[in-house]
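Heads up, the thing below is written out as structure tokens.
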Amino acid sequence: MEKRLTQRSAWDKVLTNLQKRSLWMLHYCTGCGAVELPPTMTARFDMERFGIMPMVTPRQADILLITGYLSVKTLKRVVLIYEQMQAPKYVVGFGSCTINGGMYWNSYATMKSLDQYLPVEMYLAGCMPRPEAIISGFTGLIERIDRGEANTWEDYYKNYEFYRKNQEHLFGSIETNVDVVGDRQYYKFTEVQQ
Amino acid sequence: MSNTLNPRETADPRQKRPAAAAGPARTEEELTRAIAAETGAADFTYKSPRRVEGSIPEQDLHSFAAAMYSRVGFEHLSAISCVDWINDGEFELVYHFWSYRDNCLVSAHTRIDRAAATMATITDLWQPASFFERDIHEMFGVVFAGNTDLEKYILTDWDGPPPMRKDFVTRKFAHEHFHYKDYEPDWDELVQGGYHSNRGEGGTNG
């Protein structure tokens with residue numbers, strides 16, 4: 001991490017400068033928090049002035065926004081979607097449900113902490129966060145990308161065994177059709193020894 | 001179950017609706033008299049406007065439901081719900097019948113044993129009852145004898161006990177099964193006397 005920050009090439013800086021202004025967001029609207037997104041996207045708060053706009057497919061999206069609780073069934077679909085996305089990719093947990101379960105803290109059907117199953121770049125706290133909070137969070141994400149610090153997605157390749165173990169603890173083994181271990185070698189990441 | 005009770009098979013196929021389903025709307029008092037006369041269930045009473053309620057022994061429910069359809073004219077099975085009376089050792093199944101003629105809901109309450117929770121299916125009378133029975137089987141563990149499709153309904157990856165039973169402690173399950181982060185901040189003791197830490201395991205169902 002330290003090496004990346006200090007030895008960023010000029011091309012890296014150009015690349016992040018372009019990336020930070022064209023973030024396409026796939027919003028996985030599982031919970032009630034999705035009602036805050038229309039005002040965020042449309043005329044009043046106008047998210048697109050920051051270059052963030054909704055995208056319909058995971059392969060073309062940069063941000064995976066999880067708006068609310070995930071039951072075990074929906075978490076399985078989210079994992080399938082996440083692995084299809086092209087790196088660099090940023091998971092944003094929206095609302096308290098993704099942080100510790102929120103009002104579903106004792107539910108038998110919902111997962112409690114999203115960062116156990118996917119590498120979360122950023123949490124937007126609140127039940128639910130207002131559009132101002134979403135805009136504030138996304139501008140923070142833009143700054144992190146600009147500084148070259150938004151690298152949490154690499155953790156999924158480095159710590160794949162940890163995430164897969166937690167996923168399989170909830171819903172058994174799944175076929176994702178994405179060779180994460182092969183991608184790890186492609187990106188030249190080394191596995192973190194547990 | 002005897003197939004002769006099935007109104008869909010015994011009725012004239014050209015006549016889709018039972019004859020009793022047509023006619024002028026009946027008052028709640030007239031309905032309770034009709035239910036008593038046609039089904040023999042005498043304790044159905046006026047509950048509130050357009051609501052009639054009563055209880056039925058477990059073994060009589062299937063014939064009662066068949067008679068409600070064909071002879072009293074309640075064509076629609078609105079829902080089946082289940083209540084866990086854990087202190088009585090019983091499940092209470094509530095069958096809600098709706099009449100389009102009277103715009104009235106009749107609720108038939110049935111108590112069954114909780115330990116060996118088995119109930120006769122009514123899918124031969126109303127095929128959509130299969131969904132309710134699957135749901136109750138999944139959430140309470142009640143077995144509906146004769147229902148051939150009691151597969152997982154909503155909880156497809158579930159391997160725990162039926163979660164809506166009162167002896168299922170959801171908080172304990174969530175602690176053991178999920179990566180639960182407990183939240184006991186320092187100010188909690190000062191502000192509300194350690195509300196979170198003094199709640200104990202279980203207590204209520206959750």
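Identifiers in this document derive from the order of the structure tokens: chains are assigned A, B, ..., residues are numbered from 1 separately in each chain, and ligands are numbered from 1 in order of occurrence.
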
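For chain A, the residues close to chain B, meaning within 8 Å and counting only C-alpha atoms, are A:Val72, A:Lys73, A:Asn100, A:Trp105, A:Asn106, A:Ser107, A:Tyr108, A:Met111, A:Lys112, A:Ser113, A:Gln116, A:Leu170, A:Phe171.
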
Quick one: write out the picked residues with N, CA and C atoms as a PDB file, in the first residue's frame?
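Output file result.pdb follows:
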```pdb
ATOM      1  N   VAL A  72     -30.053 -13.891   3.464  1.00  0.00           N
ATOM      2  CA  VAL A  72     -29.070 -14.871   3.002  1.00  0.00           C
ATOM      3  C   VAL A  72     -29.267 -15.134   1.510  1.00  0.00           C
ATOM      4  N   LYS A  73     -30.520 -15.148   1.093  1.00  0.00           N
ATOM      5  CA  LYS A  73     -30.793 -15.397  -0.326  1.00  0.00           C
ATOM      6  C   LYS A  73     -30.290 -14.264  -1.214  1.00  0.00           C
ATOM      7  N   ASN A 100     -24.270  -3.356  10.836  1.00  0.00           N
ATOM      8  CA  ASN A 100     -24.398  -4.355  11.899  1.00  0.00           C
ATOM      9  C   ASN A 100     -25.786  -4.999  11.933  1.00  0.00           C
ATOM     10  N   TRP A 105     -31.138  -6.552  13.642  1.00  0.00           N
ATOM     11  CA  TRP A 105     -29.947  -7.033  14.349  1.00  0.00           C
ATOM     12  C   TRP A 105     -30.144  -8.436  14.912  1.00  0.00           C
ATOM     13  N   ASN A 106     -31.391  -8.821  15.218  1.00  0.00           N
ATOM     14  CA  ASN A 106     -31.588 -10.161  15.762  1.00  0.00           C
ATOM     15  C   ASN A 106     -32.383 -11.046  14.817  1.00  0.00           C
ATOM     16  N   SER A 107     -32.427 -10.685  13.547  1.00  0.00           N
ATOM     17  CA  SER A 107     -33.210 -11.480  12.609  1.00  0.00           C
ATOM     18  C   SER A 107     -32.474 -12.764  12.254  1.00  0.00           C
ATOM     19  N   TYR A 108     -33.247 -13.802  12.034  1.00  0.00           N
ATOM     20  CA  TYR A 108     -32.648 -15.091  11.678  1.00  0.00           C
ATOM     21  C   TYR A 108     -32.323 -15.182  10.201  1.00  0.00           C
ATOM     22  N   MET A 111     -28.071 -11.105   6.933  1.00  0.00           N
ATOM     23  CA  MET A 111     -26.677 -11.036   7.361  1.00  0.00           C
ATOM     24  C   MET A 111     -26.462  -9.739   8.141  1.00  0.00           C
ATOM     25  N   LYS A 112     -25.471  -9.736   9.019  1.00  0.00           N
ATOM     26  CA  LYS A 112     -25.304  -8.601   9.937  1.00  0.00           C
ATOM     27  C   LYS A 112     -24.229  -7.627   9.495  1.00  0.00           C
ATOM     28  N   SER A 113     -23.194  -8.101   8.839  1.00  0.00           N
ATOM     29  CA  SER A 113     -22.049  -7.234   8.592  1.00  0.00           C
ATOM     30  C   SER A 113     -21.526  -7.542   7.195  1.00  0.00           C
ATOM     31  N   GLN A 116     -17.893  -8.861   6.075  1.00  0.00           N
ATOM     32  CA  GLN A 116     -17.451 -10.237   6.238  1.00  0.00           C
ATOM     33  C   GLN A 116     -17.567 -11.024   4.941  1.00  0.00           C
ATOM     34  N   LEU A 170     -22.819 -19.333   5.277  1.00  0.00           N
ATOM     35  CA  LEU A 170     -24.236 -18.969   5.232  1.00  0.00           C
ATOM     36  C   LEU A 170     -25.023 -19.806   4.236  1.00  0.00           C
ATOM     37  N   PHE A 171     -24.499 -19.989   3.020  1.00  0.00           N
ATOM     38  CA  PHE A 171     -25.345 -20.667   2.041  1.00  0.00           C
ATOM     39  C   PHE A 171     -24.659 -21.805   1.312  1.00  0.00           C
TER      40      PHE A 171
END
```

Original post:
Just asking: which residues within chain B are helix (DSSP H, G or I) according to DSSP, as a VMD selection string?
Top reply: chain B and resid 3 to 5 7 to 10 19 to 21 28 to 39 58 to 72 129 to 140 170 to 177 186 to 192

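Contact shell of Ile122 of chain B at 9 Å (only C-alpha atoms; same-chain neighbours under 6 positions omitted): Leu61, His62, Ala65, Ala66, Ala129, Ser130, Glu133, Phe144, Gly146 and Asn147 of chain B.
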
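Note that the spacing between atom CA of Arg77 of chain A and atom CA of Gly148 of chain A amounts to 29.2 Å.
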
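By chain and then residue number, the residues within 8 Å of Cys29 of chain A are Ala34, Leu65, Ile66, Thr67 and Gly68 of chain A, counting only C-alpha atoms and disregarding those fewer than 5 positions away in sequence.
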
Original post:
For Ile63 of chain A, which residue among A:Met122, A:Leu23, A:Leu37, A:Val180 is the nearest when counting only C-alpha atoms?
Top reply: A:Leu23

Original post:
Taking only C-alpha atoms into account, which of B:Arg71, B:His76, B:Arg101, B:Lys47 comes nearest Gly23 of chain B?
Top reply: B:Arg101

Original post:
Can you tell me how far atom CA of Phe74 of chain B sits from atom CA of Glu92 of chain B, in Å to one decimal?
Top reply: 21.4 Å

Original post:
Could you pull the residues within 10 Å of Leu93 of chain B, counting only C-alpha atoms, minus those fewer than 2 positions along the same chain, as a PyMOL selection string?
Top reply: chain B and resi 55+58+80-84+90-91+95-96+107-112+119+136+142

Requested write-out: N, CA, C and O atoms of the selected residues, as a JSON list (two decimals), in the first residue's frame:
```json
[["chain", "number", "residue", "atom", "x", "y", "z"],
["B", 55, "SER", "N", -64.85, -22.16, 16.57],
["B", 55, "SER", "CA", -63.80, -23.18, 16.62],
["B", 55, "SER", "C", -64.35, -24.52, 16.15],
["B", 55, "SER", "O", -65.54, -24.79, 16.24],
["B", 58, "GLU", "N", -60.17, -30.67, 15.36],
["B", 58, "GLU", "CA", -59.19, -30.93, 14.32],
["B", 58, "GLU", "C", -59.71, -31.89, 13.26],
["B", 58, "GLU", "O", -59.57, -31.65, 12.06],
["B", 80, "ILE", "N", -54.67, -19.17, 5.52],
["B", 80, "ILE", "CA", -54.53, -20.04, 6.69],
["B", 80, "ILE", "C", -53.42, -19.42, 7.53],
["B", 80, "ILE", "O", -52.35, -19.13, 7.02],
["B", 81, "SER", "N", -53.71, -19.19, 8.80],
["B", 81, "SER", "CA", -52.66, -18.66, 9.66],
["B", 81, "SER", "C", -52.44, -19.59, 10.83],
["B", 81, "SER", "O", -53.28, -20.45, 11.13],
["B", 82, "CYS", "N", -51.32, -19.42, 11.49],
["B", 82, "CYS", "CA", -50.92, -20.33, 12.56],
["B", 82, "CYS", "C", -50.45, -19.52, 13.75],
["B", 82, "CYS", "O", -49.77, -18.51, 13.60],
["B", 83, "VAL", "N", -50.84, -19.94, 14.94],
["B", 83, "VAL", "CA", -50.42, -19.31, 16.18],
["B", 83, "VAL", "C", -49.80, -20.38, 17.06],
["B", 83, "VAL", "O", -50.34, -21.48, 17.16],
["B", 84, "ASP", "N", -48.68, -20.05, 17.67],
["B", 84, "ASP", "CA", -48.00, -21.00, 18.54],
["B", 84, "ASP", "C", -48.37, -20.70, 19.99],
["B", 84, "ASP", "O", -47.92, -19.71, 20.56],
["B", 90, "GLU", "N", -49.90, -26.30, 22.14],
["B", 90, "GLU", "CA", -50.77, -26.45, 20.97],
["B", 90, "GLU", "C", -50.43, -25.41, 19.92],
["B", 90, "GLU", "O", -49.94, -24.32, 20.23],
["B", 91, "PHE", "N", -50.69, -25.79, 18.67],
["B", 91, "PHE", "CA", -50.73, -24.82, 17.58],
["B", 91, "PHE", "C", -52.19, -24.51, 17.29],
["B", 91, "PHE", "O", -53.04, -25.40, 17.36],
["B", 95, "TYR", "N", -58.42, -20.88, 9.74],
["B", 95, "TYR", "CA", -58.79, -20.92, 8.33],
["B", 95, "TYR", "C", -59.79, -19.80, 8.08],
["B", 95, "TYR", "O", -60.82, -19.72, 8.73],
["B", 96, "HIS", "N", -59.45, -18.93, 7.14],
["B", 96, "HIS", "CA", -60.30, -17.78, 6.84],
["B", 96, "HIS", "C", -61.02, -18.03, 5.52],
["B", 96, "HIS", "O", -60.38, -18.19, 4.48],
["B", 107, "SER", "N", -63.90, -17.15, 10.22],
["B", 107, "SER", "CA", -62.62, -17.68, 10.71],
["B", 107, "SER", "C", -62.89, -18.92, 11.55],
["B", 107, "SER", "O", -63.59, -18.85, 12.55],
["B", 108, "ALA", "N", -62.31, -20.04, 11.11],
["B", 108, "ALA", "CA", -62.47, -21.30, 11.84],
["B", 108, "ALA", "C", -61.17, -21.62, 12.56],
["B", 108, "ALA", "O", -60.13, -21.79, 11.93],
["B", 109, "HIS", "N", -61.25, -21.66, 13.88],
["B", 109, "HIS", "CA", -60.05, -21.90, 14.70],
["B", 109, "HIS", "C", -59.94, -23.38, 15.04],
["B", 109, "HIS", "O", -60.90, -23.98, 15.50],
["B", 110, "THR", "N", -58.76, -23.93, 14.83],
["B", 110, "THR", "CA", -58.52, -25.34, 15.11],
["B", 110, "THR", "C", -57.27, -25.45, 15.96],
["B", 110, "THR", "O", -56.25, -24.85, 15.63],
["B", 111, "ARG", "N", -57.37, -26.21, 17.04],
["B", 111, "ARG", "CA", -56.19, -26.43, 17.88],
["B", 111, "ARG", "C", -55.65, -27.82, 17.59],
["B", 111, "ARG", "O", -56.41, -28.80, 17.56],
["B", 112, "ILE", "N", -54.33, -27.90, 17.36],
["B", 112, "ILE", "CA", -53.71, -29.21, 17.16],
["B", 112, "ILE", "C", -52.55, -29.35, 18.13],
["B", 112, "ILE", "O", -52.03, -28.37, 18.67],
["B", 119, "MET", "N", -51.78, -32.14, 10.42],
["B", 119, "MET", "CA", -53.11, -31.65, 10.07],
["B", 119, "MET", "C", -53.45, -32.18, 8.69],
["B", 119, "MET", "O", -52.56, -32.32, 7.84],
["B", 136, "ILE", "N", -46.68, -22.54, 6.38],
["B", 136, "ILE", "CA", -46.82, -22.92, 7.79],
["B", 136, "ILE", "C", -45.90, -24.09, 8.11],
["B", 136, "ILE", "O", -45.30, -24.16, 9.18],
["B", 142, "VAL", "N", -45.46, -27.60, 11.00],
["B", 142, "VAL", "CA", -46.68, -28.40, 10.96],
["B", 142, "VAL", "C", -46.68, -29.23, 9.68],
["B", 142, "VAL", "O", -46.42, -28.71, 8.59]]
```

**OP:** Would you list, as a PyMOL selection string, the residues of segment 46-155 of chain B that end up in strand (DSSP E) under DSSP run on this structure's backbone?
**Re:** chain B and resi 46-48+51-55+76-85+90-99+104-113+118-120+143-145

Original post:
Separation of atom CA of Pro39 of chain A and atom CA of Trp24 of chain A, in Å?
Top reply: 17.0 Å

Could you give me, as a PDB file with C-alpha atoms, in the first residue's frame, the residues within 7 Å of segment 149-166 of chain A, counting only C-alpha atoms and dropping anything in the same chain fewer than 5 positions from it?
```pdb
ATOM      1  CA  PRO A  88     -11.479  -1.484  -9.899  1.00  0.00           C
ATOM      2  CA  LYS A  89     -14.823  -1.828  -8.159  1.00  0.00           C
ATOM      3  CA  TYR A  90     -16.150  -0.234  -5.027  1.00  0.00           C
ATOM      4  CA  GLN A 116     -17.451 -10.237   6.238  1.00  0.00           C
ATOM      5  CA  TYR A 117     -18.655 -11.294   2.786  1.00  0.00           C
ATOM      6  CA  LEU A 118     -17.459  -8.576   0.405  1.00  0.00           C
ATOM      7  CA  PRO A 119     -14.674  -5.987   0.673  1.00  0.00           C
ATOM      8  CA  VAL A 120     -16.554  -2.788   1.560  1.00  0.00           C
ATOM      9  CA  GLU A 121     -14.908   0.384   0.362  1.00  0.00           C
ATOM     10  CA  ARG A 144      -9.957   8.523  -2.086  1.00  0.00           C
ATOM     11  CA  VAL A 180     -11.134 -15.408  -8.643  1.00  0.00           C
ATOM     12  CA  ARG A 184      -5.515 -13.048  -8.475  1.00  0.00           C
ATOM     13  CA  PHE A 189      -1.703 -10.224  -6.088  1.00  0.00           C
ATOM     14  CA  THR A 190      -0.224 -12.527  -3.514  1.00  0.00           C
ATOM     15  CA  GLU A 191      -2.436 -14.410  -1.146  1.00  0.00           C
ATOM     16  CA  VAL A 192      -2.404 -13.135   2.407  1.00  0.00           C
TER      17      VAL A 192
END
```

Would you mind listing what lies within 9 Å of Arg21 of chain A as a CSV table (one decimal) with all heavy atoms, in the first residue's frame, with only C-alpha atoms counted and same-chain residues fewer than 6 positions away left out?
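Final file, selection15.csv:
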```
chain,number,residue,atom,x,y,z
A,50,PHE,N,-21.3,15.1,-10.3
A,50,PHE,CA,-20.1,14.5,-9.9
A,50,PHE,C,-19.6,13.3,-10.8
A,50,PHE,O,-18.6,12.7,-10.5
A,50,PHE,CB,-20.2,13.9,-8.5
A,50,PHE,CG,-20.5,15.0,-7.5
A,50,PHE,CD1,-21.8,15.0,-6.9
A,50,PHE,CD2,-19.6,15.9,-7.1
A,50,PHE,CE1,-22.2,16.0,-6.0
A,50,PHE,CE2,-19.9,16.9,-6.2
A,50,PHE,CZ,-21.2,17.0,-5.6
A,51,GLY,N,-20.3,13.1,-11.9
A,51,GLY,CA,-20.0,12.0,-12.8
A,51,GLY,C,-20.5,10.7,-12.4
A,51,GLY,O,-20.1,9.7,-12.9
A,52,ILE,N,-21.4,10.7,-11.4
A,52,ILE,CA,-21.9,9.4,-10.9
A,52,ILE,C,-23.3,9.2,-11.5
A,52,ILE,O,-24.2,10.1,-11.4
A,52,ILE,CB,-22.1,9.4,-9.4
A,52,ILE,CG1,-20.7,9.6,-8.7
A,52,ILE,CG2,-22.6,8.0,-8.9
A,52,ILE,CD1,-20.8,9.8,-7.3
A,142,ILE,N,-14.6,9.8,-4.2
A,142,ILE,CA,-13.9,10.4,-5.3
A,142,ILE,C,-12.5,10.9,-4.8
A,142,ILE,O,-11.5,10.7,-5.5
A,142,ILE,CB,-14.8,11.6,-5.9
A,142,ILE,CG1,-15.9,11.0,-6.6
A,142,ILE,CG2,-13.9,12.5,-6.8
A,142,ILE,CD1,-16.9,12.1,-7.0
```

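Considering only C-alpha atoms, the residue among B:Tyr69, B:Tyr153, B:Phe64, B:Trp98 positioned nearest to Ala19 of chain B is B:Tyr69.
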